[in-house]
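Data from work.cif: mmCIF, C-alpha atoms
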```
data_target
loop_
_atom_site.label_atom_id
_atom_site.label_comp_id
_atom_site.auth_asym_id
_atom_site.auth_seq_id
_atom_site.Cartn_x
_atom_site.Cartn_y
_atom_site.Cartn_z
CA MET A 1 -50.09 62.52 94.44
CA THR A 2 -53.20 64.36 93.54
CA PRO A 3 -52.93 66.69 96.54
CA LEU A 4 -49.46 67.67 95.32
CA PHE A 5 -50.76 68.87 92.00
CA LEU A 6 -53.70 70.69 93.62
CA SER A 7 -51.53 72.48 96.07
CA ILE A 8 -48.93 73.56 93.53
CA PRO A 9 -51.34 75.63 91.39
CA THR A 10 -52.76 77.16 94.54
CA ALA A 11 -49.30 78.21 95.69
CA ARG A 12 -48.47 79.68 92.31
CA SER A 13 -51.70 81.50 92.06
CA LEU A 14 -50.85 83.18 95.38
CA TYR A 15 -47.50 84.30 94.01
CA ASP A 16 -49.03 85.59 90.82
CA GLY A 17 -50.86 88.39 92.47
CA GLU A 18 -53.92 87.09 94.20
CA GLU A 19 -53.60 88.68 97.53
CA ASP A 20 -56.71 88.21 99.53
CA GLY A 21 -54.95 88.30 102.80
CA GLY A 22 -51.23 88.74 103.38
CA GLU A 23 -50.95 86.52 106.38
CA ASP A 24 -53.09 83.79 104.97
CA CYS A 25 -50.88 83.73 101.99
CA ASN A 26 -47.72 83.22 104.01
CA GLU A 27 -49.31 80.50 106.09
CA ASP A 28 -50.63 78.80 102.99
CA GLU A 29 -47.25 79.14 101.39
CA GLU A 30 -45.53 77.67 104.41
CA PHE A 31 -48.12 74.94 104.57
CA ASN A 32 -47.76 74.22 100.86
CA VAL A 33 -43.96 74.28 101.06
CA MET A 34 -44.04 71.96 104.07
CA ALA A 35 -46.50 69.69 102.32
CA LEU A 36 -44.37 69.75 99.20
CA ARG A 37 -41.23 68.92 101.19
CA LYS A 38 -43.05 66.12 102.93
CA MET A 39 -44.29 64.80 99.60
CA VAL A 40 -40.80 65.07 98.06
CA LYS A 41 -39.42 63.18 101.05
CA ILE A 42 -42.08 60.46 100.62
CA GLU A 43 -41.44 60.26 96.88
CA ARG A 44 -37.68 60.02 97.44
CA GLY A 45 -38.30 57.19 99.90
CA ARG A 46 -40.49 55.44 97.35
CA ALA A 47 -37.86 56.03 94.66
CA ARG A 48 -35.19 54.54 96.98
CA LYS A 49 -37.39 51.50 97.59
CA VAL A 50 -38.02 51.12 93.86
CA ARG A 51 -34.27 51.48 93.15
CA LYS A 52 -33.52 48.81 95.79
CA GLU A 53 -36.11 46.51 94.26
CA LEU A 54 -34.76 47.26 90.80
CA GLU A 55 -31.21 46.52 92.01
CA LYS A 56 -32.41 43.25 93.56
CA GLU A 57 -34.11 42.33 90.28
CA ARG A 58 -31.00 43.31 88.33
CA LEU A 59 -28.82 41.20 90.62
CA ALA A 60 -31.27 38.30 90.34
CA ALA A 61 -31.29 38.64 86.54
CA ALA A 62 -27.48 38.80 86.47
CA SER A 63 -27.27 35.77 88.74
CA ALA A 64 -29.76 33.89 86.56
CA ALA A 65 -27.78 34.87 83.46
CA GLU A 66 -24.54 33.67 85.09
CA GLU A 67 -26.18 30.39 86.07
CA ALA A 68 -27.58 30.00 82.56
CA MET A 69 -24.14 30.67 81.04
CA ALA A 70 -22.54 28.22 83.48
CA MET A 71 -25.14 25.60 82.54
CA ILE A 72 -24.63 26.29 78.82
CA LEU A 73 -20.85 25.92 79.25
CA ARG A 74 -21.29 22.72 81.27
CA LEU A 75 -23.66 21.29 78.65
CA GLN A 76 -21.27 22.24 75.85
CA SER A 77 -18.44 20.58 77.73
CA GLU A 78 -20.52 17.44 78.29
CA ARG A 79 -21.56 17.40 74.64
CA SER A 80 -17.95 17.78 73.57
CA SER A 81 -16.95 14.97 75.89
CA VAL A 82 -19.74 12.73 74.61
CA GLU A 83 -18.80 13.52 71.00
CA MET A 84 -15.14 12.69 71.67
CA GLU A 85 -16.13 9.44 73.36
CA ALA A 86 -18.48 8.57 70.47
CA ASN A 87 -15.70 9.31 67.95
CA GLN A 88 -13.32 7.14 69.93
CA TYR A 89 -15.84 4.25 70.00
CA ARG A 90 -16.49 4.72 66.28
CA ARG A 91 -12.77 4.60 65.48
CA MET A 92 -12.35 1.57 67.73
CA ALA A 93 -15.29 -0.17 66.02
CA GLU A 94 -13.83 0.63 62.59
CA GLN A 95 -10.44 -0.74 63.63
CA LYS A 96 -12.08 -3.87 65.01
CA GLN A 97 -14.02 -4.28 61.76
CA VAL A 98 -10.81 -3.95 59.71
CA TYR A 99 -9.10 -6.47 62.01
CA ASN A 100 -12.04 -8.88 61.73
CA GLU A 101 -12.07 -8.52 57.94
CA GLY A 102 -8.35 -9.37 57.92
CA ILE A 103 -9.02 -12.44 60.06
CA ILE A 104 -11.89 -13.48 57.76
CA GLN A 105 -9.68 -13.11 54.68
CA SER A 106 -6.96 -15.11 56.39
CA LEU A 107 -9.41 -17.86 57.31
CA GLN A 108 -10.84 -17.85 53.78
CA TRP A 109 -7.31 -18.23 52.41
CA ILE A 110 -6.66 -21.13 54.82
CA VAL A 111 -9.95 -22.78 53.82
CA ALA A 112 -9.07 -22.35 50.13
CA LYS A 113 -5.64 -23.92 50.72
CA HIS A 114 -7.25 -26.84 52.57
CA GLU A 115 -9.77 -27.22 49.73
CA GLU A 116 -6.92 -27.29 47.21
CA GLU A 117 -5.07 -29.82 49.33
CA ARG A 118 -8.22 -31.90 49.78
CA SER A 119 -8.90 -31.74 46.05
CA GLY A 120 -5.33 -32.86 45.33
CA LEU A 121 -5.63 -35.68 47.85
CA GLU A 122 -8.98 -36.72 46.34
CA ASP A 123 -7.34 -36.79 42.89
CA GLN A 124 -4.51 -38.91 44.29
CA LEU A 125 -7.05 -41.18 45.96
CA ARG A 126 -8.95 -41.61 42.67
CA LEU A 127 -5.69 -42.37 40.88
CA CYS A 128 -4.72 -44.88 43.57
CA ARG A 129 -8.15 -46.51 43.33
CA ARG A 130 -7.81 -46.78 39.56
CA LYS A 131 -4.35 -48.26 39.92
CA LEU A 132 -5.68 -50.63 42.56
CA LYS A 133 -8.53 -51.70 40.29
CA ILE A 134 -6.12 -52.18 37.44
CA PHE A 135 -3.75 -54.05 39.71
CA MET A 136 -6.62 -56.16 41.04
CA LYS A 137 -7.75 -56.98 37.51
CA GLU A 138 -4.21 -57.78 36.45
CA SER A 139 -3.69 -59.70 39.62
CA GLU A 140 -6.75 -61.78 38.86
CA LYS A 141 -5.44 -62.26 35.32
CA ASP A 142 -2.06 -63.17 36.67
CA GLU A 143 -3.52 -65.64 39.09
CA SER A 144 -5.54 -67.21 36.36
CA GLU A 145 -2.51 -67.13 34.08
CA GLU A 146 -0.34 -68.51 36.85
CA ASP A 147 -2.83 -71.25 37.44
CA HIS A 148 -2.89 -71.84 33.75
CA MET A 149 0.90 -71.65 33.58
CA THR A 150 1.41 -73.95 36.48
CA SER A 151 -0.91 -76.43 34.96
CA THR A 152 0.82 -75.95 31.61
CA LEU A 153 4.24 -76.17 33.11
CA GLU A 154 3.39 -79.37 34.74
CA ASP A 155 2.50 -80.76 31.32
CA TYR A 156 5.66 -79.48 29.64
CA SER A 157 9.18 -80.37 30.34
CA PRO A 158 11.91 -77.77 30.37
CA LEU A 159 13.60 -79.35 27.46
CA ASP A 160 10.55 -79.13 25.28
CA ASP A 161 10.28 -75.40 25.42
CA MET A 162 13.51 -73.48 25.51
CA GLY A 163 11.72 -70.12 25.53
CA SER A 164 10.53 -68.46 28.59
CA VAL A 165 7.02 -67.44 29.44
CA VAL A 166 6.78 -63.70 29.84
CA SER A 167 3.70 -62.00 31.03
CA SER A 168 2.54 -58.52 30.23
CA LEU A 169 3.15 -57.49 33.82
CA ASP A 170 6.86 -57.90 33.43
CA PHE A 171 7.00 -55.04 30.98
CA ASP A 172 4.86 -52.60 33.05
CA GLY A 173 7.51 -51.68 35.53
#
```

Translate this structure into structure tokens?
Amino acid sequence: MTPLFLSIPTARSLYDGEEDGGEDCNEDEEFNVMALRKMVKIERGRARKVRKELEKERLAAASAAEEAMAMILRLQSERSSVEMEANQYRRMAEQKQVYNEGIIQSLQWIVAKHEEERSGLEDQLRLCRRKLKIFMKESEKDESEEDHMTSTLEDYSPLDDMGSVVSSLDFDG
């Protein structure tokens, strides 16, 4: 590039009035014009190459941007899908928890009913045991009274005692 700038002032200085030799000037001018045209041609070629490289870089950047956008969209889609799946599992877990709580309450109610029934049966059993003890005591009394009565009856004649012997058990009906 430096020769371009050196030759341009020289060509201008020739046009401005420095006329050392008329023919030399024309040859120099032709040489300078030819050199300038050659340099312009080279610079245009370089500019074309730079534009091609720039276009390649622009296309590569656009392609990379498209790929990045496609990846972003794919990742957003995946994230959305994962979030929907997680929400579905969360709802399902909540429903299962509600169901299990219902089952637990139902089982607790059943256990409470069985406890009430068991408590009632235990009360009945205690009452039956008390009655049995009372009956056993009275039965022992009765047996001893019967033994006593049989022995007494054997001593007495029916004509001697017109009354009847009544035990306390006869009134407990």

- [ ] One decimal, Å: what's the distance from atom CA of A:Val82 over to atom CA of A:Ala64, could you say?
- [x] 26.3 Å

Task: d(atom CA of A:Arg91, atom CA of A:Ser77) in Å - done: 20.9 Å

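Counting from atom CA of A:Leu54, the distance to atom CA of A:Met69 is 22.0 Å.
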